[in-house]
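Please read the structure below before turning to the comments.
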Amino acid sequence: MARYIFVTGGVVSSLGKGLTAASIGLLLERRGLRVGMQKLDPYINVDPGTMSPYQHGEVYVTDDGAEADLDLGHYERFTHSPITRNSNFTTGRIYLSVIEKERRGEYLGSTVQVVPHITNEIKAAVLKMATQDVDVVITEVGGTVGDIESLPFLEAIRQFALEQGRDKVMFIHLTLVPYIRAAGELKTKPSQHSVAQLRQIGIQPDVLVCRTEFAMDEDMQSKLSLFCNVPREAVIEERDVETTIYEVPLMLQEHGLDEIIVRRLQLAAGDLHMDDWREMVNTVRSIDEEVSIAVCGKYIQLNDSYKSIYESLAHAGISNKVKVRVVKVDAEAVERDGAAAHLKNVSAVLVPGGFGHRGIQGKIEAVRYARENGLPFFGICLGLQMAVIEFARNVCGLGPANSTEFEAECPVPVIDLMDEQKGVERKGGTMRLGAYPCSLQAGTLVHSLYGRDEISERHRHRYEVNNRYRQLLTAKGLVISGTYREKDLVEIIEYPDHPWFVAVQFHPEFKSRPLTPHPLFRGFVKAAVQHSRARKAKAAASGEAR
């Protein structure tokens, strides 16, 4: 029978509940247990698919086509938990399900209310994770204790513990212990109030994880233990990491969190095995070579907008024994200043996904600069479409080439709306979503990077390369190295007359892991390192000649 851990947060948002939950999942897996990871989100959107990246960050996509919260990316990067559409439920999805049941007459005769109907639906969502293949379900409750939006979820998990038995359910509360610089000390009062709010709801935390900039002394931990009614050994310090987020599981393990969980839930766990993870973290700490890679995007101001891309670059950096310094380049700034002003000092360029016409010309100019100057280039989703448009305009001589996304009556639509998308009016959950197979062409760069003929990658888009122009593009030297055979769709392009030029229609960043970097990112960063070293060698030789 599965056990359940609920991770809640207090004081402020963005404390890192997702990272903490993922780290707990990793520790339990490394003790031989099977975990299921889940996020409950209090916003009313059915999913984050139509939300602005400025507000929500990236939309994470699962193999089964769910548009989900970015914390699911942490879950997959840290654990082997099967991430599906059951791994993320929002208030909107919960209420929509209840309303649909009411319309079908399933509550006939009842007044539909938050309690019990909404809370029952939330509890049912948690139970969907409790399969025979899972020993522990770890559910992160989004938002902050005290938020109106979170109340139904907190009430539901309180009921859940009562119904399942307190011996099978554990509450872990993540809180902030702020440092008041003027006073020169850490303060526990916000955490005390946060736990007090939880206890008013009827939830008593079993563990208090304290986010802090500085080390907590024994008196402070004892004070939190006393006022929050949490055993002293269960007051866990989670200090800001210095080098990489992948230090967090090691920090929690040093404080014995995995052992506390195993004892509290009476789990039949083995010894903890973290040698490879520790070696990976030590590698990050010891790296002294740096390579700069530009990410030219539309939502560059918010770090979480391209979270999985940044993490994938870091993973590839670890495998190449370099630190990747991401240079965030606003596509609109490229339009204003020209590509050289922003890209002349970097060693590679990545153009990520996005929607809408804003900044498009800047992305196209970034692609052109990389192609013409031999800079390693990697295009993802919209980045592939920008690469095709740039190639069509500047190599094939098709000046008006564009996408019908930006120019509905475009005379040369090298990028066009997919046939299956024509006539689709609803925005939410209607794109080409989830994992699709892709066949690789032998002898190409991507075939050598993957090392196999068939791959599967995740998609999130509505527009595709227009097959009417494929022959012209390939005649000018563009190679279509990956296709979706069932519908003959272009999935990957590359340009052999270049040191490293690859673009993909899918999102490889969703499959990269710190211990197993994605092959495309690994190859891209390797090419950037080679470019950087060659440039430095040339500069050194020039200096010696002078």
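Every chain in the structure tokens has a letter given in the order shown (A, B, ...), and although residue numbers restart at 1 in each chain, ligands are simply numbered from 1 in the order shown.
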
List as a Markdown table every residue of stretch 127-226 of chain A that is in contact with stretch 249-255 of chain A, defined as an atom at most 12 Å from one of its atoms (using only C-alpha atoms), together with the nearest atom pair and the distance in Å rounded to one decimal, sorted by chain and then rising number.
```
| residue | atom | partner | partner_atom | distance |
| --- | --- | --- | --- | --- |
| A:Val207 | CA | A:His255 | CA | 11.7 |
| A:Leu208 | CA | A:Leu252 | CA | 11.7 |
| A:Val209 | CA | A:Leu252 | CA | 9.0 |
| A:Cys210 | CA | A:Leu252 | CA | 10.7 |
| A:Arg211 | CA | A:Leu252 | CA | 11.4 |
```

TODO: Would you mind writing down, as a PyMOL selection string, each residue of stretch 50-150 of chain A that DSSP on the backbone assigns to helix (DSSP H, G or I)?
DONE: chain A and resi 50+53-56+71-78+85-87+91-104+114-127

- [ ] List every residue of stretch 481-513 of chain A that DSSP, applied to the backbone of this structure, assigns to strand (DSSP E), and report them as a PyMOL selection string.
- [x] chain A and resi 481-484+489-494+501-504

Expected file contents, prior selection, N, CA, C and O atoms, as a compact mmCIF listing (two decimals), in the first residue's frame:
```txt
# COMPACT_ATOMS: atom_id res chain seq x y z
N SER A 481 17.12 15.99 -41.86
CA SER A 481 17.74 14.80 -41.27
C SER A 481 16.81 14.03 -40.34
O SER A 481 17.16 12.95 -39.88
N GLY A 482 15.61 14.56 -40.11
CA GLY A 482 14.65 13.83 -39.28
C GLY A 482 13.24 14.12 -39.73
O GLY A 482 12.88 15.28 -39.99
N THR A 483 12.41 13.08 -39.87
CA THR A 483 11.03 13.26 -40.31
C THR A 483 10.08 12.39 -39.49
O THR A 483 10.46 11.34 -38.97
N TYR A 484 8.84 12.84 -39.43
CA TYR A 484 7.74 12.04 -38.88
C TYR A 484 7.09 11.34 -40.06
O TYR A 484 6.35 11.95 -40.83
N LEU A 489 6.29 14.83 -42.05
CA LEU A 489 6.56 16.16 -41.52
C LEU A 489 8.05 16.32 -41.21
O LEU A 489 8.70 15.38 -40.75
N VAL A 490 8.56 17.51 -41.45
CA VAL A 490 9.96 17.81 -41.15
C VAL A 490 10.12 17.99 -39.65
O VAL A 490 9.44 18.80 -39.03
N GLU A 491 11.05 17.22 -39.07
CA GLU A 491 11.30 17.30 -37.63
C GLU A 491 12.67 17.91 -37.31
O GLU A 491 12.84 18.57 -36.29
N ILE A 492 13.66 17.66 -38.19
CA ILE A 492 15.01 18.14 -37.93
C ILE A 492 15.63 18.61 -39.25
O ILE A 492 15.47 17.96 -40.29
N ILE A 493 16.33 19.74 -39.17
CA ILE A 493 17.12 20.19 -40.31
C ILE A 493 18.56 20.42 -39.85
O ILE A 493 18.81 20.66 -38.67
N GLU A 494 19.49 20.32 -40.77
CA GLU A 494 20.86 20.70 -40.49
C GLU A 494 21.49 21.24 -41.76
O GLU A 494 20.99 21.01 -42.86
N PHE A 501 25.20 23.24 -37.24
CA PHE A 501 23.96 23.97 -37.49
C PHE A 501 22.82 22.96 -37.50
O PHE A 501 22.65 22.20 -38.46
N VAL A 502 22.05 22.93 -36.41
CA VAL A 502 20.95 21.96 -36.25
C VAL A 502 19.73 22.68 -35.70
O VAL A 502 19.85 23.54 -34.80
N ALA A 503 18.57 22.35 -36.21
CA ALA A 503 17.32 22.88 -35.66
C ALA A 503 16.28 21.77 -35.63
O ALA A 503 16.23 20.93 -36.54
N VAL A 504 15.45 21.78 -34.60
CA VAL A 504 14.46 20.71 -34.40
C VAL A 504 13.09 21.32 -34.14
O VAL A 504 12.98 22.40 -33.55
```

- [ ] Mind checking which residues fall within 10 Å of A:Ile172, counting only C-alpha atoms, ignoring those fewer than 4 positions away in the same chain, and posting them as a list of chain:residue names?
- [x] A:Ile5, A:Phe6, A:Val7, A:Thr8, A:Gly9, A:Lys17, A:Thr20, A:Ala21, A:Glu140, A:Gln204, A:Pro205, A:Asp206, A:Val207, A:Leu208, A:Val209, A:Ala234, A:Ile261
